[in-house]
Each structure stands twice: as structure tokens, then as C-alpha cells.
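Next comes start_16.cif, a file with mmCIF, C-alpha atoms and all ligand atoms.
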data_coords
loop_
_atom_site.label_atom_id
_atom_site.label_comp_id
_atom_site.auth_asym_id
_atom_site.auth_seq_id
_atom_site.Cartn_x
_atom_site.Cartn_y
_atom_site.Cartn_z
CA MET A 1 -8.36 3.46 34.72
CA THR A 2 -10.84 4.94 37.24
CA ALA A 3 -14.57 4.08 37.20
CA THR A 4 -15.32 7.54 35.71
CA ASP A 5 -12.68 7.02 33.02
CA SER A 6 -14.11 3.65 32.04
CA THR A 7 -17.66 5.04 31.90
CA GLN A 8 -16.42 7.87 29.66
CA ALA A 9 -14.54 5.37 27.50
CA ALA A 10 -17.62 3.14 27.17
CA ASP A 11 -19.70 6.18 26.16
CA LEU A 12 -17.15 7.26 23.55
CA ILE A 13 -17.05 3.75 22.07
CA GLU A 14 -20.84 3.46 21.96
CA GLN A 15 -21.31 6.93 20.45
CA THR A 16 -18.58 6.41 17.86
CA ILE A 17 -19.89 3.06 16.67
CA ASP A 18 -23.43 4.46 16.63
CA SER A 19 -22.29 7.45 14.51
CA TYR A 20 -20.55 5.05 12.11
CA ARG A 21 -23.85 3.16 11.82
CA ARG A 22 -25.95 6.28 11.30
CA HIS A 23 -23.59 8.66 9.48
CA VAL A 24 -20.56 6.82 8.04
CA ASN A 25 -21.56 3.35 6.85
CA ALA A 26 -23.52 0.71 8.76
CA GLY A 27 -21.93 -2.07 6.69
CA LEU A 28 -18.46 -0.89 7.65
CA ALA A 29 -19.47 -0.80 11.32
CA SER A 30 -20.62 -4.45 11.08
CA LEU A 31 -17.48 -5.52 9.21
CA LEU A 32 -15.13 -3.98 11.80
CA LYS A 33 -17.11 -5.58 14.63
CA PHE A 34 -17.08 -8.95 12.85
CA MET A 35 -13.28 -8.74 12.56
CA GLY A 36 -13.16 -8.21 16.34
CA PHE A 37 -12.33 -4.49 16.29
CA ASP A 38 -15.15 -3.23 18.51
CA THR A 39 -13.35 -0.32 20.11
CA VAL A 40 -12.05 3.16 19.34
CA GLU A 41 -8.45 4.16 18.67
CA THR A 42 -7.18 7.17 20.59
CA GLU A 43 -3.39 7.17 20.38
CA ALA A 44 -0.57 5.40 18.56
CA ARG A 45 3.22 5.31 18.81
CA GLY A 46 5.72 3.07 17.04
CA MET A 47 4.25 -0.45 16.82
CA THR A 48 1.41 0.17 19.28
CA VAL A 49 -2.14 1.48 18.90
CA ARG A 50 -4.03 2.34 22.12
CA THR A 51 -7.78 2.45 22.55
CA ALA A 52 -10.26 4.43 24.64
CA ASP A 53 -10.86 1.46 26.95
CA GLY A 54 -7.17 0.98 27.67
CA ARG A 55 -6.44 -1.86 25.24
CA GLU A 56 -3.14 -2.01 23.38
CA TYR A 57 -2.76 -3.52 19.92
CA LEU A 58 0.44 -4.51 18.16
CA ASP A 59 -0.02 -3.21 14.63
CA CYS A 60 0.72 -5.96 12.14
CA LEU A 61 -1.24 -4.31 9.33
CA GLY A 62 0.54 -0.97 9.33
CA GLY A 63 -2.42 0.94 7.89
CA TYR A 64 -2.26 -1.13 4.66
CA GLY A 65 1.37 -0.12 4.24
CA VAL A 66 1.25 3.48 5.48
CA TYR A 67 3.26 2.94 8.68
CA ALA A 68 6.68 1.89 7.37
CA LEU A 69 8.25 4.05 10.10
CA GLY A 70 5.74 3.06 12.77
CA HIS A 71 3.11 5.40 14.16
CA ALA A 72 3.94 9.06 14.77
CA HIS A 73 7.67 8.85 14.12
CA PRO A 74 9.11 11.78 16.15
CA ARG A 75 11.21 13.16 13.29
CA VAL A 76 8.27 13.26 10.90
CA VAL A 77 5.98 14.73 13.54
CA ALA A 78 8.60 17.41 14.34
CA ALA A 79 9.05 18.28 10.64
CA VAL A 80 5.27 18.67 10.22
CA HIS A 81 4.98 20.77 13.42
CA GLU A 82 7.75 23.06 12.25
CA GLN A 83 6.11 23.48 8.83
CA LEU A 84 2.67 23.93 10.41
CA ASP A 85 3.90 26.86 12.49
CA ARG A 86 5.62 28.52 9.53
CA LEU A 87 3.67 27.87 6.29
CA PRO A 88 1.08 25.06 6.34
CA MET A 89 -0.35 25.69 2.86
CA SER A 90 1.22 27.16 -0.22
CA ALA A 91 0.16 30.48 -1.78
CA LYS A 92 0.32 28.45 -5.02
CA THR A 93 1.80 31.18 -7.19
CA LEU A 94 5.21 31.37 -5.50
CA PHE A 95 7.97 28.78 -5.62
CA ASP A 96 7.69 26.34 -2.69
CA PRO A 97 11.07 25.16 -1.34
CA VAL A 98 9.66 22.07 0.39
CA GLN A 99 8.06 20.69 -2.77
CA ALA A 100 11.31 21.39 -4.64
CA GLN A 101 13.26 19.55 -1.94
CA LEU A 102 10.96 16.53 -2.10
CA ALA A 103 11.05 16.32 -5.91
CA SER A 104 14.88 16.55 -5.86
CA ARG A 105 15.10 13.85 -3.17
CA LEU A 106 12.83 11.54 -5.16
CA ALA A 107 15.02 12.08 -8.23
CA GLU A 108 18.10 11.07 -6.19
CA LEU A 109 16.52 7.99 -4.67
CA THR A 110 14.55 6.52 -7.57
CA PRO A 111 16.42 4.31 -10.04
CA GLY A 112 17.55 5.16 -13.59
CA ASP A 113 16.72 8.57 -14.98
CA LEU A 114 13.42 9.07 -13.14
CA ALA A 115 13.77 12.75 -12.30
CA TYR A 116 10.49 14.68 -12.38
CA SER A 117 7.66 14.31 -9.86
CA PHE A 118 4.08 15.45 -9.67
CA ILE A 119 3.02 15.44 -6.03
CA CYS A 120 -0.61 14.59 -5.28
CA ASN A 121 -2.64 13.39 -2.30
CA SER A 122 -3.22 9.64 -2.61
CA GLY A 123 -2.32 6.45 -4.42
CA ALA A 124 -5.31 6.51 -6.75
CA GLU A 125 -4.52 10.10 -7.75
CA ALA A 126 -0.95 9.10 -8.55
CA ILE A 127 -2.31 6.35 -10.82
CA GLU A 128 -4.68 8.77 -12.58
CA GLY A 129 -1.74 11.07 -13.31
CA ALA A 130 0.45 8.21 -14.53
CA LEU A 131 -2.25 6.98 -16.93
CA LYS A 132 -2.82 10.49 -18.29
CA LEU A 133 0.90 11.05 -18.77
CA ALA A 134 1.22 7.78 -20.69
CA ARG A 135 -1.58 8.74 -23.08
CA LEU A 136 -0.21 12.24 -23.48
CA TYR A 137 3.34 11.09 -24.25
CA THR A 138 2.55 8.18 -26.56
CA GLY A 139 -0.61 9.55 -28.17
CA ARG A 140 -1.98 5.99 -27.86
CA PRO A 141 -5.29 5.04 -26.23
CA ASN A 142 -4.85 1.61 -24.62
CA PHE A 143 -3.47 0.04 -21.46
CA VAL A 144 -2.55 -3.49 -20.47
CA ALA A 145 -2.99 -4.32 -16.78
CA ALA A 146 -2.99 -7.49 -14.70
CA GLN A 147 -5.88 -9.63 -13.56
CA ASN A 148 -6.55 -9.15 -9.86
CA ALA A 149 -4.46 -5.97 -9.79
CA PHE A 150 -5.31 -3.21 -7.33
CA HIS A 151 -4.54 0.39 -8.24
CA GLY A 152 -7.22 2.30 -6.32
CA LYS A 153 -10.87 3.17 -6.71
CA THR A 154 -11.16 6.35 -8.79
CA MET A 155 -12.44 5.74 -12.33
CA GLY A 156 -9.07 5.39 -14.09
CA ALA A 157 -7.41 3.47 -11.27
CA LEU A 158 -10.45 1.20 -10.99
CA SER A 159 -10.33 0.57 -14.74
CA ALA A 160 -6.73 -0.59 -14.34
CA SER A 161 -7.67 -2.76 -11.36
CA GLY A 162 -8.66 -6.35 -11.89
CA ARG A 163 -11.41 -7.40 -9.51
CA GLU A 164 -14.90 -7.41 -10.99
CA VAL A 165 -16.78 -7.03 -7.71
CA PHE A 166 -15.34 -3.53 -7.26
CA LYS A 167 -15.72 -2.58 -10.93
CA ARG A 168 -19.03 -3.86 -12.25
CA PRO A 169 -21.36 -1.56 -10.26
CA PHE A 170 -19.60 1.49 -11.75
CA GLU A 171 -19.48 0.56 -15.43
CA PRO A 172 -18.93 1.97 -17.97
CA LEU A 173 -15.38 2.58 -16.79
CA VAL A 174 -12.55 4.17 -18.78
CA PRO A 175 -12.25 2.35 -22.12
CA GLY A 176 -9.07 0.77 -23.48
CA PHE A 177 -8.00 -1.58 -20.65
CA THR A 178 -7.09 -5.23 -21.25
CA HIS A 179 -6.24 -7.52 -18.33
CA VAL A 180 -3.77 -10.37 -18.60
CA PRO A 181 -2.60 -12.96 -16.04
CA PHE A 182 0.11 -11.55 -13.73
CA GLY A 183 3.45 -13.28 -14.23
CA ALA A 184 2.80 -14.69 -17.73
CA GLY A 185 5.32 -13.24 -20.21
CA GLU A 186 3.87 -14.99 -23.29
CA THR A 187 0.42 -13.46 -22.81
CA MET A 188 1.97 -10.05 -22.28
CA GLU A 189 3.85 -10.45 -25.59
CA ARG A 190 0.53 -10.90 -27.37
CA ALA A 191 -1.32 -8.13 -25.51
CA VAL A 192 1.02 -5.17 -26.15
CA ASP A 193 0.80 -3.56 -29.59
CA ASP A 194 1.27 -0.23 -31.35
CA GLN A 195 -1.89 1.14 -29.72
CA THR A 196 -0.69 0.43 -26.18
CA ALA A 197 0.13 3.59 -24.24
CA ALA A 198 1.40 1.66 -21.22
CA VAL A 199 1.55 -1.56 -19.31
CA ILE A 200 0.67 -0.95 -15.66
CA LEU A 201 1.72 -3.43 -12.97
CA GLU A 202 2.43 -3.71 -9.28
CA PRO A 203 5.92 -5.25 -8.94
CA ILE A 204 4.40 -7.56 -6.30
CA GLN A 205 0.61 -7.72 -6.35
CA GLY A 206 -0.50 -6.63 -2.89
CA GLU A 207 -4.28 -6.74 -2.69
CA ALA A 208 -4.42 -9.79 -4.99
CA GLY A 209 -2.99 -11.73 -2.04
CA ILE A 210 0.74 -10.87 -2.05
CA ILE A 211 1.56 -12.45 -5.40
CA LEU A 212 5.17 -12.54 -6.59
CA SER A 213 6.03 -12.94 -10.27
CA PRO A 214 8.79 -15.19 -11.65
CA ASP A 215 12.16 -13.36 -11.50
CA ASP A 216 12.37 -12.94 -15.28
CA TYR A 217 8.84 -11.52 -15.67
CA LEU A 218 9.38 -7.79 -15.03
CA PRO A 219 12.60 -7.69 -17.12
CA ARG A 220 10.69 -9.33 -19.96
CA VAL A 221 7.78 -6.88 -19.67
CA ARG A 222 10.32 -4.04 -19.67
CA GLU A 223 11.77 -5.39 -22.92
CA ILE A 224 8.35 -5.84 -24.54
CA CYS A 225 7.39 -2.24 -23.68
CA SER A 226 10.67 -0.83 -24.99
CA GLN A 227 10.39 -2.81 -28.25
CA ARG A 228 6.81 -1.71 -28.91
CA GLY A 229 7.06 1.93 -27.80
CA ALA A 230 4.70 1.44 -24.85
CA LEU A 231 5.55 2.87 -21.42
CA LEU A 232 5.97 0.74 -18.32
CA ILE A 233 4.17 2.10 -15.26
CA LEU A 234 5.18 0.40 -12.02
CA ASP A 235 2.78 1.02 -9.17
CA GLU A 236 4.95 1.12 -6.04
CA VAL A 237 2.22 2.66 -3.89
CA GLN A 238 2.35 -0.34 -1.57
CA THR A 239 5.75 -1.87 -2.39
CA GLY A 240 7.78 1.38 -2.34
CA CYS A 241 9.66 3.14 0.48
CA GLY A 242 11.48 0.06 1.75
CA ARG A 243 8.56 -2.32 2.29
CA THR A 244 9.95 -5.28 0.31
CA GLY A 245 13.59 -4.99 1.42
CA ARG A 246 14.80 -2.47 -1.16
CA MET A 247 13.89 1.21 -1.37
CA PHE A 248 11.77 0.34 -4.43
CA CYS A 249 10.63 -3.17 -5.26
CA CYS A 250 11.61 -2.84 -8.94
CA GLU A 251 15.25 -2.79 -7.78
CA HIS A 252 15.02 -6.49 -6.87
CA TYR A 253 14.43 -7.19 -10.55
CA GLY A 254 16.86 -4.64 -12.04
CA VAL A 255 13.97 -2.95 -13.86
CA VAL A 256 13.48 0.80 -14.23
CA PRO A 257 9.93 1.88 -15.15
CA ASP A 258 9.08 4.87 -17.34
CA ILE A 259 6.66 6.06 -14.67
CA MET A 260 6.63 5.08 -10.99
CA THR A 261 3.79 5.79 -8.58
CA LEU A 262 4.23 6.20 -4.82
CA ALA A 263 1.91 7.00 -1.88
CA LYS A 264 1.12 5.32 1.47
CA ALA A 265 4.45 5.23 3.39
CA LEU A 266 5.77 8.28 1.51
CA GLY A 267 3.98 10.51 4.04
CA GLY A 268 5.84 8.85 6.91
CA GLY A 269 2.56 7.70 8.46
CA VAL A 270 1.78 11.31 9.38
CA MET A 271 0.46 13.00 6.21
CA PRO A 272 -1.42 11.76 3.13
CA ILE A 273 0.60 12.15 -0.08
CA GLY A 274 1.15 10.51 -3.46
CA ALA A 275 3.49 11.06 -6.39
CA PHE A 276 4.08 9.98 -9.96
CA ILE A 277 7.61 10.23 -11.21
CA SER A 278 9.00 10.02 -14.73
CA THR A 279 11.95 10.83 -16.96
CA PRO A 280 12.98 14.20 -18.44
CA GLU A 281 12.22 12.90 -21.94
CA ILE A 282 8.65 11.86 -21.07
CA TRP A 283 8.00 14.86 -18.82
CA LYS A 284 8.60 17.25 -21.76
CA VAL A 285 4.96 16.75 -22.80
CA MET A 286 3.86 18.30 -19.49
CA GLU A 287 5.83 21.48 -20.11
CA PRO A 288 4.04 23.38 -22.92
CA ASN A 289 0.98 23.66 -20.66
CA PRO A 290 2.16 23.01 -17.09
CA LEU A 291 -1.40 23.32 -15.79
CA LEU A 292 -2.71 20.51 -17.99
CA HIS A 293 -2.64 18.33 -14.88
CA SER A 294 -2.98 20.05 -11.48
CA SER A 295 -4.25 19.64 -7.92
CA THR A 296 -5.14 22.30 -5.35
CA PHE A 297 -3.73 20.41 -2.39
CA GLY A 298 -1.17 18.33 -4.30
CA GLY A 299 2.36 19.19 -3.19
CA ASN A 300 1.23 21.10 -0.10
CA PRO A 301 4.12 22.00 2.23
CA LEU A 302 2.85 19.97 5.20
CA ALA A 303 2.71 16.72 3.24
CA CYS A 304 6.01 17.43 1.48
CA ALA A 305 7.76 18.19 4.78
CA ALA A 306 6.50 14.86 6.13
CA ALA A 307 7.74 13.03 3.02
CA VAL A 308 11.20 14.60 3.08
CA ALA A 309 11.60 13.65 6.75
CA ALA A 310 10.22 10.14 6.08
CA LEU A 311 12.69 9.51 3.25
CA ASP A 312 15.56 10.70 5.48
CA VAL A 313 14.50 8.30 8.23
CA ILE A 314 14.11 5.38 5.80
CA VAL A 315 17.63 5.96 4.45
CA GLU A 316 19.38 6.78 7.73
CA GLU A 317 17.75 4.00 9.77
CA GLU A 318 18.35 1.58 6.88
CA LEU A 319 14.75 0.43 7.00
CA PRO A 320 14.84 -1.45 3.66
CA ALA A 321 17.67 -3.69 4.95
CA ARG A 322 15.81 -4.13 8.22
CA ALA A 323 12.65 -5.12 6.33
CA ALA A 324 14.63 -7.70 4.33
CA GLU A 325 16.18 -9.25 7.43
CA THR A 326 13.10 -9.27 9.65
CA GLY A 327 10.96 -10.35 6.70
CA ASP A 328 13.12 -13.45 6.08
CA TYR A 329 12.82 -14.36 9.76
CA PHE A 330 9.04 -13.74 9.80
CA ILE A 331 8.42 -15.75 6.62
CA GLY A 332 10.55 -18.60 8.01
CA ARG A 333 8.50 -18.72 11.23
CA LEU A 334 5.24 -18.63 9.26
CA HIS A 335 6.41 -21.57 7.14
CA GLU A 336 6.82 -23.54 10.39
CA ILE A 337 3.16 -22.87 11.26
CA ALA A 338 2.03 -23.66 7.71
CA ALA A 339 3.82 -27.01 7.84
CA GLN A 340 1.99 -27.94 11.07
CA ARG A 341 -1.38 -26.60 9.90
CA SER A 342 -1.54 -27.74 6.29
CA ASP A 343 -5.26 -28.52 6.83
CA LEU A 344 -6.03 -24.77 7.01
CA VAL A 345 -2.98 -22.89 5.72
CA THR A 346 -2.38 -23.38 2.01
CA GLU A 347 0.58 -21.07 1.42
CA VAL A 348 2.92 -18.46 2.92
CA ARG A 349 4.62 -16.03 0.56
CA GLY A 350 6.14 -12.58 0.51
CA ARG A 351 9.19 -10.40 0.23
CA GLY A 352 10.56 -8.19 2.98
CA LEU A 353 7.67 -7.22 5.23
CA LEU A 354 4.94 -7.65 2.63
CA ILE A 355 3.76 -11.10 3.61
CA GLY A 356 0.64 -13.13 2.92
CA MET A 357 -0.69 -16.24 4.61
CA GLU A 358 -3.32 -17.98 2.51
CA PHE A 359 -6.06 -20.08 4.12
CA SER A 360 -8.30 -22.75 2.66
CA GLU A 361 -11.41 -20.49 2.84
CA ASP A 362 -12.43 -16.83 3.32
CA ASP A 363 -14.19 -17.68 6.59
CA VAL A 364 -11.08 -19.31 8.04
CA ALA A 365 -9.04 -16.16 7.36
CA GLY A 366 -11.84 -14.05 8.90
CA LEU A 367 -11.91 -16.15 12.07
CA VAL A 368 -8.13 -16.08 12.39
CA ILE A 369 -8.16 -12.26 12.06
CA ALA A 370 -10.77 -12.10 14.84
CA GLY A 371 -8.60 -14.46 16.94
CA LEU A 372 -5.62 -12.17 16.43
CA ALA A 373 -7.71 -9.15 17.47
CA GLN A 374 -8.66 -10.97 20.69
CA ARG A 375 -4.94 -11.41 21.32
CA GLY A 376 -4.11 -7.76 20.75
CA ILE A 377 -2.82 -7.99 17.17
CA ILE A 378 -4.16 -5.92 14.26
CA ALA A 379 -4.24 -7.77 10.92
CA ALA A 380 -6.57 -7.79 7.89
CA TYR A 381 -7.17 -9.65 4.65
CA THR A 382 -6.06 -8.52 1.19
CA LEU A 383 -8.81 -6.59 -0.63
CA ASN A 384 -8.93 -8.74 -3.78
CA ASN A 385 -8.46 -12.06 -1.99
CA PRO A 386 -10.19 -12.44 1.39
CA ARG A 387 -8.55 -15.85 1.92
CA VAL A 388 -5.18 -14.15 2.47
CA ILE A 389 -4.17 -12.47 5.72
CA ARG A 390 -1.64 -9.75 5.04
CA LEU A 391 1.16 -9.26 7.53
CA GLU A 392 2.45 -5.81 6.78
CA PRO A 393 3.82 -4.35 10.03
CA PRO A 394 5.94 -1.22 10.40
CA LEU A 395 9.49 -1.95 9.22
CA ILE A 396 10.73 -1.29 12.77
CA ILE A 397 9.10 -4.47 14.13
CA THR A 398 11.54 -6.45 16.31
CA ARG A 399 12.12 -10.21 16.26
CA GLU A 400 10.50 -10.46 19.70
CA GLN A 401 7.39 -8.77 18.35
CA VAL A 402 7.41 -11.11 15.34
CA ASP A 403 7.55 -14.03 17.78
CA ARG A 404 4.54 -12.60 19.62
CA VAL A 405 2.58 -12.34 16.36
CA VAL A 406 3.56 -15.89 15.38
CA ALA A 407 2.48 -17.27 18.77
CA ALA A 408 -0.85 -15.43 18.50
CA LEU A 409 -1.35 -16.74 14.96
CA ASP A 410 -0.63 -20.28 16.10
CA GLU A 411 -3.24 -19.99 18.87
CA SER A 412 -5.81 -18.29 16.61
CA ILE A 413 -5.47 -21.00 13.96
CA ALA A 414 -5.87 -23.71 16.61
CA GLN A 415 -8.94 -21.90 17.98
CA THR A 416 -10.39 -21.65 14.45
CA ALA A 417 -9.74 -25.34 13.78
CA ALA A 418 -11.53 -26.26 17.03
CA LEU A 419 -14.47 -24.03 16.10
CA LEU A 420 -14.80 -25.59 12.65
CA ALA A 421 -14.66 -29.07 14.15
CA GLU A 422 -17.65 -28.37 16.45
N1 LIG B 1 -1.96 1.14 -5.81
C1 LIG B 1 -1.72 0.15 -4.96
C2 LIG B 1 -0.72 -0.89 -5.32
C3 LIG B 1 -2.40 0.08 -3.74
O1 LIG B 1 -2.16 -0.94 -2.90
C4 LIG B 1 -3.34 1.08 -3.42
C5 LIG B 1 -4.09 1.03 -2.16
O2 LIG B 1 -4.14 0.07 -1.46
C6 LIG B 1 -3.55 2.11 -4.35
C7 LIG B 1 -2.85 2.13 -5.52
C8 LIG B 1 -4.55 3.19 -4.05
O3 LIG B 1 -4.07 4.03 -3.07
P1 LIG B 1 -5.09 4.99 -2.28
O4 LIG B 1 -5.93 4.11 -1.40
O5 LIG B 1 -4.18 5.91 -1.50
O6 LIG B 1 -5.89 5.71 -3.28
#

Can the structure from this file be put into C-alpha cells for me?
Ligand code: PLP
Amino acid sequence: MTATDSTQAADLIEQTIDSYRRHVNAGLASLLKFMGFDTVETEARGMTVRTADGREYLDCLGGYGVYALGHAHPRVVAAVHEQLDRLPMSAKTLFDPVQAQLASRLAELTPGDLAYSFICNSGAEAIEGALKLARLYTGRPNFVAAQNAFHGKTMGALSASGREVFKRPFEPLVPGFTHVPFGAGETMERAVDDQTAAVILEPIQGEAGIILSPDDYLPRVREICSQRGALLILDEVQTGCGRTGRMFCCEHYGVVPDIMTLAKALGGGVMPIGAFISTPEIWKVMEPNPLLHSSTFGGNPLACAAAVAALDVIVEEELPARAAETGDYFIGRLHEIAAQRSDLVTEVRGRGLLIGMEFSEDDVAGLVIAGLAQRGIIAAYTLNNPRVIRLEPPLIITREQVDRVVAALDESIAQTAALLAE
């Protein structure tokens, strides 16, 4: 980098951070700086994010689960370019072949008789649609959700979520939500009744701190819902598209939901998109008035083209199997660190490449994240549990890259321990 380049880079960084402070959110600017991310991203490919001042980061956060395929996967980028040149946005009143292709592909790939999709723009929007569909189909008002769940931050999705700090300032939220402990079948038995439209769960709780349920939990919830005429909504926004070692996480448990939600990785890391998917029987209630639920940008050709290409890549490159294999290796290596650092690390858990490392305190996790940033690794904590660092890299991460992350974690934890001992 020449002297002029580095002056330009320094200016860009200063101006960007200043604009965040003055026009985006000063608190966010401070938080990013505290986590050690005091620079500006300019380019990303595969596992690597590059910055204006010539730094390179290995992405171990994967945009909170967006980058299953890595950054800017060439096949997804090419599909979007091709669509962009031909028909970026739909005329809305004609049939759109790309949306049709995506909906058909989702019907093929999702388990059981899930067959109809509504395509929207984000995870929270997919949740809103799923909740509305459940009320519409059952004619019942109530929902049962899990404590500490995360389903997004629009009013309905926030009502289903389970962390008070995000909810309380916006009350009153949507009525009719009860929250029960995640993983407890007995409590679920008592909570679901003839007024329950749906139970909504993440198959593995992501933002709660990567929490897995006992193996018999989801099958039992499925049974409870079927017995009582309530629908089961599984939120696969974060766990879907290969992240946990299967195309959809519910497949580990042999459970088929009545409604599944997807987003994040569905857009191949190139376009924002979400979807809720259900069965022909349930979808019938959407047919008498097909505009009862709609979205101007939902199902736009650019996002759908990205999703079709992304699903092809996930299947052809066998990314779910790769996530399972690399995930087992990664979790094994993290257990080694945890065993040596039991003073600070309280647990390692996960499935596939959705992995959490829990620390004794929020501050310890924060310092370790900053230590990782110093060593060129992007990581972050889980939104509903700041004591847990999430390791959620693109599914293409190699064992050598895992080893690099593990070595950096080891050093960052040692550095944190030394700091705390001062
Ligand atoms: N559901 C789950 C399980 C999530 O993890 C998230 C986001 O992290 C959402 C829903 C909300 O998605 P979005 O941020 O795209 O609205």
C-alpha cells in the first residue's frame, strides 16, 4: 500500500466511523470499536473479509449465519448478474419463472409434504407470515414459544422471542404468547391447549447461546401439537440450509413441522431473502384471497435467482455433510481448549458448524472476541446470551483454517486470563 493509499484508507475509516456516530448509531459505533472492529470492510471472498487499511480477517461469524457458501460465491454472483441484466424486478402482475423455480425447489428439498412457499425479504418477515398463517388456519389466538428464543425484532417475531431486554421497551406486544423452558416436554404438555394456534421453536436455539434440546424433545412436541390440533412452526432461519450438518436441522430429529421458516443463508450470502413454507392442506386458507398476505419486494427475481443458485451449490458441493464433518473436528478441538481452561470456559456445545463456547462472564467473552479481532478472526457473541461466543463460519471452512481459529482462541483466552489476573 502506497503512502497515498494509506492516507486515503485512514480518511475513509475516520469518515465512516464518524458518520456512524452522527447518522447511524453512536452506541453501535462504540460497541464495534469495543469488540476490536475499528476498521471498514471493502471486499470479501470465500472465508476472507478485507478492509480499507489492508487487513484481512478470517470470517468465523459468517454474518450471523448468512455466509454458508462463503462470501460472494461465484455461482450465486453470476446468477444475480444474469438476472440483473435481464429482469431485476418483477412487473408483479405476470407470472415470474424464477419465483416459481425457487418455490418448486424448496418443495423438493424440504421434508414431508411441505410444498408451498411465500417468499419474503428477511427472517422476521418469515416469522410474521408463519404466525399469521397459523392463526388463519386454526382460527385459534394463542402461541407457545420458548424462553430465550430469538425469532427477530418485528412486533410478532419479538412477541415470540424470549429475552425481556429486547421486548420490554416496546410493550404492549402481540397478545397470546406463553413462554416455556426450551427442552422440557412436560411443561410443553401443560402449555398447549385447544386455544393454541401453534408452538414456535428453533430446532437448536441460536441466539440463546447455541442450546440443543434432548433428542426426544422435538418428536414429543410434534406429537403434542398433532394431538391437540396446534401447528408446529420450526424456525430454521439460522439452522437451515446445511448449517447443522443436514439440509434442515429438523431432519436430525425426524420431525416435520407444519410450517418452516428460512432466511439468512437462503440468499447465498448475496441477496436478502426469507420464506415460510407449509403443506397443501394448510395453504388452502391462503387461496380464497391470495392477497391476504403480500409483500412488494417479496419474491423479487434477483433474490430468487440467488436462492436457486445457493440451493444448487449447497446440494452439489454437499455442504451439509461438510458442515457435519468439519463441525465434529472443530467441536473436538474446542473441547481440548475447554479442558485446559476450565477456569474461564464453562462449556462447548453445538451441531455441525453452529457452535457456542460459553465463558464464565460476559466480560470474558467480550475480551476474547477483541483478542480474536486482534488476531484477524471475526467472531461475536450470541444476542440473548453475551457469555457465549458463536463460531458460525462459512461451511467451506477448511481444517487448517479451523486450526488457525483454535490457535487464536487459545492465545486470546490466555491473554484475557492474564489481563484479569492483573
Ligand atoms: N429467527 C432466527 C432463528 C434468527 O436467528 C433470526 C436472526 O438472527 C431471525 C429469526 C430474524 O431474522 P432477520 O434478522 O433476518 O429478521

### Message
Excluding Gly112 (chain A) and its own-chain neighbours fewer than 3 positions away, which residues fall within 12 Å of it when counting only C-alpha atoms? Please give them as a PyMOL selection string.
### Response
chain A and resi 106-109+115-116+248+250-251+254-260+277-280

### Task
Give the residues close to ligand LIG 1 (chain B), within 7 Å, counting all atoms listed in the file; write them as a ChimeraX atom specification.
/A:64,122-125,127,150-153,202,206-207,235-238,263-264

### Query
Of the candidates A:Thr326, A:Gln15, A:Gln8, A:Thr138, which shows the shortest atom-to-atom distance to Arg243 (chain A), using all atoms listed in the file?
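Using all atoms listed in the file, Arg243 (chain A) sits closest to A:Thr326.
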
### Task
Give me the residues within 12 Å of Leu420 (chain A) as number ranges by chain, counting only C-alpha atoms and dropping any in the same chain fewer than 2 places off.
A: 343-344, 361, 363-364, 367-368, 413-418, 422

### Query
Leaving out region 78-94 of chain A and any residue of its chain fewer than 2 positions from it, which residues lie within 8 Å of it when counting all atoms listed in the file, given as a list of chain:residue names?
A:Pro74, A:Arg75, A:Val76, A:Asp96, A:Asn300, A:Pro301, A:Leu302, A:Ala303, A:Ala305, A:Ala306, A:Ala309

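Within the 8 Å cut-off around region 39-47 of chain A, using only C-alpha atoms and omitting residues fewer than 2 positions from it on the same chain, the listed residues are Leu12, Ile13, Thr16, Phe37, Val49, Arg50, Thr51, Ala52, Asp53, Leu58, Asp59, Leu69, Gly70, His71, Ala72, His73, Pro393, Pro394, Ile396 and Ile397 of chain A.
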
Determine the axis-aligned bounding box of all atoms of region 66-84 of chain A present in the file, pad each side by 5 Å, and express its centre and edge lengths in Å to one decimal place as AutoDock Vina command-line options.
--center_x 6.2 --center_y 12.9 --center_z 10.8 --size_x 20.0 --size_y 32.0 --size_z 20.7

### Message
Residues within 9 Å of Val144 (chain A), please, as a ChimeraX atom specification. Count only C-alpha atoms; anything in the same chain fewer than 2 positions from it doesn't count.
### Response
/A:142,146,160,176-180,188,191-192,196-201

Write the residues you've just listed into a file as a PDB file, in the frame of the given file, and include C-alpha atoms for each of them.
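Once written, part10.pdb looks like this:
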ATOM      1  CA  ASN A 142      -4.850   1.610 -24.620  1.00  0.00           C
ATOM      2  CA  ALA A 146      -2.990  -7.490 -14.700  1.00  0.00           C
ATOM      3  CA  ALA A 160      -6.730  -0.590 -14.340  1.00  0.00           C
ATOM      4  CA  GLY A 176      -9.070   0.770 -23.480  1.00  0.00           C
ATOM      5  CA  PHE A 177      -8.000  -1.580 -20.650  1.00  0.00           C
ATOM      6  CA  THR A 178      -7.090  -5.230 -21.250  1.00  0.00           C
ATOM      7  CA  HIS A 179      -6.240  -7.520 -18.330  1.00  0.00           C
ATOM      8  CA  VAL A 180      -3.770 -10.370 -18.600  1.00  0.00           C
ATOM      9  CA  MET A 188       1.970 -10.050 -22.280  1.00  0.00           C
ATOM     10  CA  ALA A 191      -1.320  -8.130 -25.510  1.00  0.00           C
ATOM     11  CA  VAL A 192       1.020  -5.170 -26.150  1.00  0.00           C
ATOM     12  CA  THR A 196      -0.690   0.430 -26.180  1.00  0.00           C
ATOM     13  CA  ALA A 197       0.130   3.590 -24.240  1.00  0.00           C
ATOM     14  CA  ALA A 198       1.400   1.660 -21.220  1.00  0.00           C
ATOM     15  CA  VAL A 199       1.550  -1.560 -19.310  1.00  0.00           C
ATOM     16  CA  ILE A 200       0.670  -0.950 -15.660  1.00  0.00           C
ATOM     17  CA  LEU A 201       1.720  -3.430 -12.970  1.00  0.00           C
TER      18      LEU A 201
END
